[in-house]
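Visitor: My structure is in query38.txt, and what it holds is compact mmCIF, C-alpha atoms:
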# COMPACT_ATOMS: atom_id res chain seq x y z
CA MET M 74 0.00 0.00 0.00
CA ARG M 75 1.28 3.44 -0.97
CA HIS M 76 1.80 5.95 1.83
CA LEU M 77 -0.91 8.64 1.83
CA PHE M 78 1.65 11.46 1.66
CA HIS M 79 3.72 9.87 -1.12
CA VAL M 80 4.41 12.22 -4.04
CA GLN M 81 5.44 10.45 -7.25
CA PRO M 82 7.42 12.92 -9.39
CA THR M 83 6.93 12.86 -13.15
CA LEU M 84 9.88 12.68 -15.52
CA LEU M 85 8.92 16.02 -17.07
CA LYS M 86 10.94 19.17 -16.51
CA PRO M 87 9.33 22.63 -16.31
CA ALA M 88 8.98 24.12 -19.80
CA THR M 89 6.75 26.52 -21.70
CA GLY M 90 3.35 24.90 -22.28
CA ARG M 91 3.59 22.50 -19.35
CA ILE M 92 1.53 22.77 -16.18
CA LEU M 93 2.46 22.67 -12.53
CA ILE M 94 0.00 20.84 -10.32
CA SER M 95 0.24 21.74 -6.65
CA VAL M 96 0.64 18.82 -4.31
CA PRO M 97 -2.37 18.80 -1.94
CA TYR M 98 -0.15 18.80 1.14
CA TYR M 99 1.54 22.01 -0.05
CA ASN M 100 -0.32 24.37 2.24
CA ASP M 101 0.71 27.68 0.68
CA PRO M 102 -2.43 29.84 0.92
CA PHE M 103 -1.90 31.31 -2.55
CA PHE M 104 -1.11 28.09 -4.44
CA SER M 105 -3.26 25.53 -2.59
CA HIS M 106 -4.91 23.17 -5.11
CA SER M 107 -3.69 25.29 -8.01
CA VAL M 108 -2.68 24.48 -11.56
CA VAL M 109 -0.19 26.86 -13.15
CA LEU M 110 0.45 27.03 -16.90
CA ILE M 111 4.07 27.91 -17.66
CA ILE M 112 3.98 30.61 -20.36
CA ASP M 113 7.72 31.38 -20.43
CA LYS M 114 10.67 29.32 -19.20
CA ASP M 115 14.37 29.85 -19.85
CA GLU M 116 17.60 29.87 -17.82
CA GLU M 117 16.81 33.33 -16.39
CA ASN M 118 13.19 33.04 -15.33
CA CYS M 119 9.97 31.11 -15.25
CA VAL M 120 6.59 32.78 -15.63
CA GLY M 121 3.23 31.09 -15.19
CA LEU M 122 -0.48 31.79 -14.81
CA ILE M 123 -2.72 30.13 -12.23
CA LEU M 124 -5.57 28.59 -14.23
CA ASN M 125 -8.05 28.04 -11.43
CA GLN M 126 -8.10 31.14 -9.23
CA GLU M 127 -11.08 33.10 -10.46
CA LEU M 128 -11.53 36.55 -8.92
CA ASN M 129 -14.88 38.04 -7.90
CA CYS M 130 -14.92 40.60 -10.69
CA THR M 131 -15.16 40.88 -14.46
CA VAL M 132 -12.58 42.07 -16.96
CA ARG M 133 -14.67 45.26 -17.34
CA GLU M 134 -14.41 45.95 -13.61
CA ALA M 135 -10.70 45.14 -13.36
CA ILE M 136 -9.23 46.72 -16.50
CA SER M 137 -9.97 50.30 -17.43
CA GLY M 138 -11.30 50.71 -20.96
CA VAL M 139 -11.96 47.00 -21.61
CA LYS M 140 -15.65 46.14 -21.93
CA ILE M 141 -15.61 42.36 -21.53
CA ASP M 142 -18.02 40.84 -19.02
CA MET M 143 -16.04 37.67 -18.36
CA PRO M 144 -14.37 36.63 -15.09
CA VAL M 145 -10.81 37.67 -14.32
CA PHE M 146 -8.29 35.21 -12.93
CA ALA M 147 -5.48 35.82 -10.46
CA GLY M 148 -2.45 34.78 -12.50
CA GLY M 149 -0.26 34.90 -9.44
CA PRO M 150 1.15 37.04 -6.66
CA VAL M 151 3.50 39.13 -8.85
CA MET M 152 2.73 42.44 -10.65
CA HIS M 153 -0.99 42.86 -10.02
CA GLN M 154 -1.08 45.82 -12.40
CA THR M 155 -0.07 43.57 -15.34
CA ALA M 156 -2.70 41.84 -17.50
CA PHE M 157 -2.30 38.60 -19.47
CA ALA M 158 -4.61 36.62 -21.73
CA LEU M 159 -4.84 33.00 -22.83
CA HIS M 160 -7.03 32.08 -25.79
CA ASN M 161 -7.41 29.84 -28.84
CA PHE M 162 -7.65 32.61 -31.48
CA GLU M 163 -4.75 31.98 -33.88
CA ASN M 164 -5.15 35.26 -35.82
CA CYS M 165 -4.04 37.63 -33.06
CA LYS M 166 -0.86 39.35 -34.24
CA LEU M 167 0.50 39.95 -30.74
CA SER M 168 0.00 36.37 -29.58
CA GLU M 169 2.42 33.51 -29.21
CA GLU M 170 1.39 29.86 -29.34
CA ILE M 171 2.58 28.15 -26.16
CA LEU M 172 0.96 24.76 -26.77
CA PRO M 173 -1.27 23.44 -29.55
CA ASN M 174 -4.20 25.83 -30.00
CA VAL M 175 -3.37 27.89 -26.87
CA TYR M 176 -1.94 31.38 -27.28
CA THR M 177 -0.81 34.03 -24.85
CA GLY M 178 -1.01 37.75 -25.58
CA TYR M 179 -3.70 39.97 -27.02
CA ASP M 180 -4.24 43.07 -29.13
CA GLU M 181 -6.98 45.65 -29.64
CA LEU M 182 -8.62 43.57 -32.40
CA LEU M 183 -8.97 40.50 -30.18
CA LEU M 184 -10.39 42.59 -27.33
CA ALA M 185 -12.88 44.24 -29.71
CA LEU M 186 -13.99 40.84 -31.06
CA PHE M 187 -14.64 39.59 -27.52
CA GLU M 188 -16.35 42.85 -26.50
CA HIS M 189 -18.81 42.41 -29.38
CA ASN M 190 -19.26 38.63 -28.89
CA ALA M 191 -17.92 38.08 -32.40
CA LEU M 192 -15.99 34.93 -31.37
CA PRO M 193 -18.64 32.73 -29.75
CA LYS M 194 -16.70 29.46 -30.19
CA LYS M 195 -13.38 30.83 -29.02
CA ASN M 196 -12.14 30.47 -25.47
CA PHE M 197 -10.52 33.34 -23.61
CA LYS M 198 -9.16 33.84 -20.07
CA PHE M 199 -7.92 37.17 -18.76
CA PHE M 200 -5.44 37.32 -15.85
CA ILE M 201 -4.19 39.96 -13.47
CA GLY M 202 -0.67 39.30 -12.21
CA TYR M 203 1.50 36.25 -12.72
CA SER M 204 3.51 33.62 -10.90
CA GLY M 205 7.27 33.89 -11.19
CA TRP M 206 10.34 31.97 -10.10
CA ALA M 207 14.00 32.98 -10.02
CA PRO M 208 16.64 30.68 -11.57
CA GLY M 209 16.59 27.32 -9.78
CA GLN M 210 13.69 28.28 -7.48
CA LEU M 211 11.01 26.21 -9.24
CA GLU M 212 13.29 23.19 -9.59
CA ASN M 213 13.96 23.45 -5.84
CA GLU M 214 10.20 23.53 -5.11
CA ILE M 215 9.69 20.48 -7.37
CA ASN M 216 12.47 18.63 -5.53
CA LYS M 217 10.75 19.49 -2.23
CA LYS M 218 7.61 17.87 -3.69
CA MET M 219 5.53 21.04 -3.78
CA TRP M 220 4.67 20.64 -7.50
CA VAL M 221 4.28 17.90 -10.08
CA VAL M 222 4.96 18.77 -13.74
CA ALA M 223 2.54 17.59 -16.46
CA GLU M 224 1.76 18.34 -20.09
CA GLY M 225 -0.65 21.21 -20.67
CA THR M 226 -3.64 20.78 -22.97
CA GLU M 227 -6.18 23.14 -24.48
CA ASP M 228 -8.89 21.29 -22.58
CA ILE M 229 -7.30 21.85 -19.14
CA VAL M 230 -6.20 25.42 -19.92
CA LEU M 231 -9.29 26.85 -21.63
CA LYS M 232 -12.26 24.49 -21.53
CA THR M 233 -12.44 22.91 -18.08
CA PRO M 234 -14.65 24.72 -15.53
CA THR M 235 -12.53 26.59 -12.99
CA ALA M 236 -13.62 24.49 -10.01
CA LYS M 237 -12.63 21.26 -11.83
CA VAL M 238 -9.18 22.24 -13.22
CA TRP M 239 -7.06 20.81 -10.38
CA GLU M 240 -9.14 17.63 -10.10
CA LYS M 241 -9.01 17.00 -13.86
CA ALA M 242 -5.26 17.66 -14.00
CA VAL M 243 -4.69 15.20 -11.13
CA LYS M 244 -6.87 12.55 -12.83
CA LYS M 245 -4.81 12.92 -16.02
CA LEU M 246 -1.67 12.10 -14.02
CA GLY M 247 -2.94 8.56 -13.49
CA ARG M 248 -3.92 6.11 -10.78
CA GLU M 249 -0.82 6.67 -8.65
CA TYR M 250 -2.16 10.17 -7.86
CA ALA M 251 -5.81 9.22 -7.21
CA HIS M 252 -5.34 9.40 -3.42
CA TRP M 253 -4.75 13.17 -3.79
CA LEU M 254 -8.43 13.59 -4.63
CA GLU M 255 -9.35 12.35 -1.14
CA VAL M 256 -7.26 14.97 0.67
CA PRO M 257 -9.36 17.88 2.06
CA LYS M 258 -8.59 21.29 0.62
CA ASN M 259 -7.34 22.39 4.02
CA VAL M 260 -5.49 19.43 5.58
CA HIS M 261 -5.81 21.09 9.00
CA ASP M 262 -9.59 20.59 8.83
CA ASN M 263 -9.11 16.87 9.26
Would you write out, as structure tokens, the structure that this file holds?
Guide:
Amino acid sequence: MRHLFHVQPTLLKPATGRILISVPYYNDPFFSHSVVLIIDKDEENCVGLILNQELNCTVREAISGVKIDMPVFAGGPVMHQTAFALHNFENCKLSEEILPNVYTGYDELLLALFEHNALPKKNFKFFIGYSGWAPGQLENEINKKMWVVAEGTEDIVLKTPTAKVWEKAVKKLGREYAHWLEVPKNVHDN
């Protein structure tokens, strides 16, 4: 029988387009039960966006001059005055594809199309702030079993309901992680 607190690391290294799944025993109040999409990773830095921390406001309320009535997500604890977008609209000139059919970045045309509901079948998430790690910091956190690295997918990033992102990401890891789904959100409640 596997120990309840066992964390099986994956063989994947952090890279652009991969996700970080927080280990349920990692009791950081900001990252508890979070899934972070890495949008930029090189030797100097690592930048990610938390996919499942929806704020209690809309894009219209959070960003001056943007008239989109969709929820805003907390991308992370860094630079709360900075906005990011993830979407599956391949024709945005200021976007970069970070995994198949998932782009980061936006321009005035994309915002206007969303403001006028001209892209009903496209998925879009707007973020305030980001998650960032200094060189070696994320690898150290992975070694301390705070995160597990997995492949990102359009489904997890853009199509899964916010409340189900962590659960679905854990299920995709396989049976050896199923016991994570039984851990209460706050392990001190037990």
Visitor: Write out as a PyMOL selection string each polymer residue whose atoms come within 6 Å of Ile92 in chain M, counting all atoms listed in the file; drop sequence neighbours fewer than 5 positions from it.
Guide: chain M and resi 109-111+222-225
Visitor: Please measure the separation of CA of Asn196 in chain M and CA of Gly149 in chain M, giving the value in Å to one decimal.
Guide: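 Going from CA of Asn196 in chain M over to CA of Gly149 in chain M, I get 20.4 Å.
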Visitor: To one decimal place, how far is CA of Glu116 in chain M from CA of Phe146 in chain M in Å?
Guide: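 For CA of Glu116 in chain M relative to CA of Phe146 in chain M, the distance reads 26.9 Å.
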Visitor: From the options M:Tyr203, M:Glu227, M:Val139, M:Ser168, which residue's atoms come nearest to Ala185 in chain M, counting all atoms listed in the file?
Guide: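 So, comparing all the options, the nearest one is M:Val139.
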Visitor: Report the distance between CA of Leu84 in chain M and CA of Ile215 in chain M in Å, rounded to one decimal place.
Guide: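 Going from CA of Leu84 in chain M over to CA of Ile215 in chain M covers 11.3 Å.
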Visitor: Counting all atoms listed in the file, which residues in range 122-212 of chain M sit no more than 10 Å from range 237-242 of chain M? For each one, give the nearest pair of atoms and the distance in Å, sorted by chain then residue number, as a Markdown table.
Guide:
| residue | atom | partner | partner_atom | distance |
| --- | --- | --- | --- | --- |
| M:Leu124 | CA | M:Val238 | CA | 7.4 |
| M:Asn125 | CA | M:Val238 | CA | 6.2 |
| M:Gln126 | CA | M:Val238 | CA | 9.8 |
Visitor: Of the candidates M:Leu172, M:Val221, M:Val230, M:Ala236, which shows the shortest atom-to-atom distance to Lys86 in chain M, using all atoms listed in the file?
Guide: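 Between M:Leu172, M:Val221, M:Val230, M:Ala236, the residue approaching Lys86 in chain M most closely is M:Val221.
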Visitor: Could you check the closest approach to Met152 in chain M for each of M:Val120, M:Cys130, M:Ile171, M:Met219 and tell me which residue wins, using only C-alpha atoms?
Guide: M:Val120
Visitor: Using all atoms listed in the file, which of the listed residues (M:Leu192, M:Ile94, M:Val145, M:Ala207) sits closest to Asn118 in chain M?
Guide: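 Comparing M:Leu192, M:Ile94, M:Val145, M:Ala207 against Asn118 in chain M, the winner is M:Ala207.
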Visitor: With distances taken over only C-alpha atoms, which residue among M:Lys140, M:Pro102, M:Gln154, M:Ile112 lies nearest Glu181 in chain M?
Guide: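 Going through M:Lys140, M:Pro102, M:Gln154, M:Ile112 one by one, the smallest distance to Glu181 in chain M is for M:Lys140.
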Visitor: Contacts of Leu159 in chain M at 7 Å or less, counting all atoms listed in the file, minus same-chain residues fewer than 4 places along, as a list in words?
Guide: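 Residues meeting the cut-off are Val175, Tyr176, Thr177, Gly178, Phe197, Lys198 and Phe199 of chain M.
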Visitor: Using only C-alpha atoms, which residue out of M:Thr155, M:Asn164, M:Thr233, M:Asn190 lies closest to Asp142 in chain M?
Guide: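 Smallest separation from Asp142 in chain M among the options: M:Asn190.
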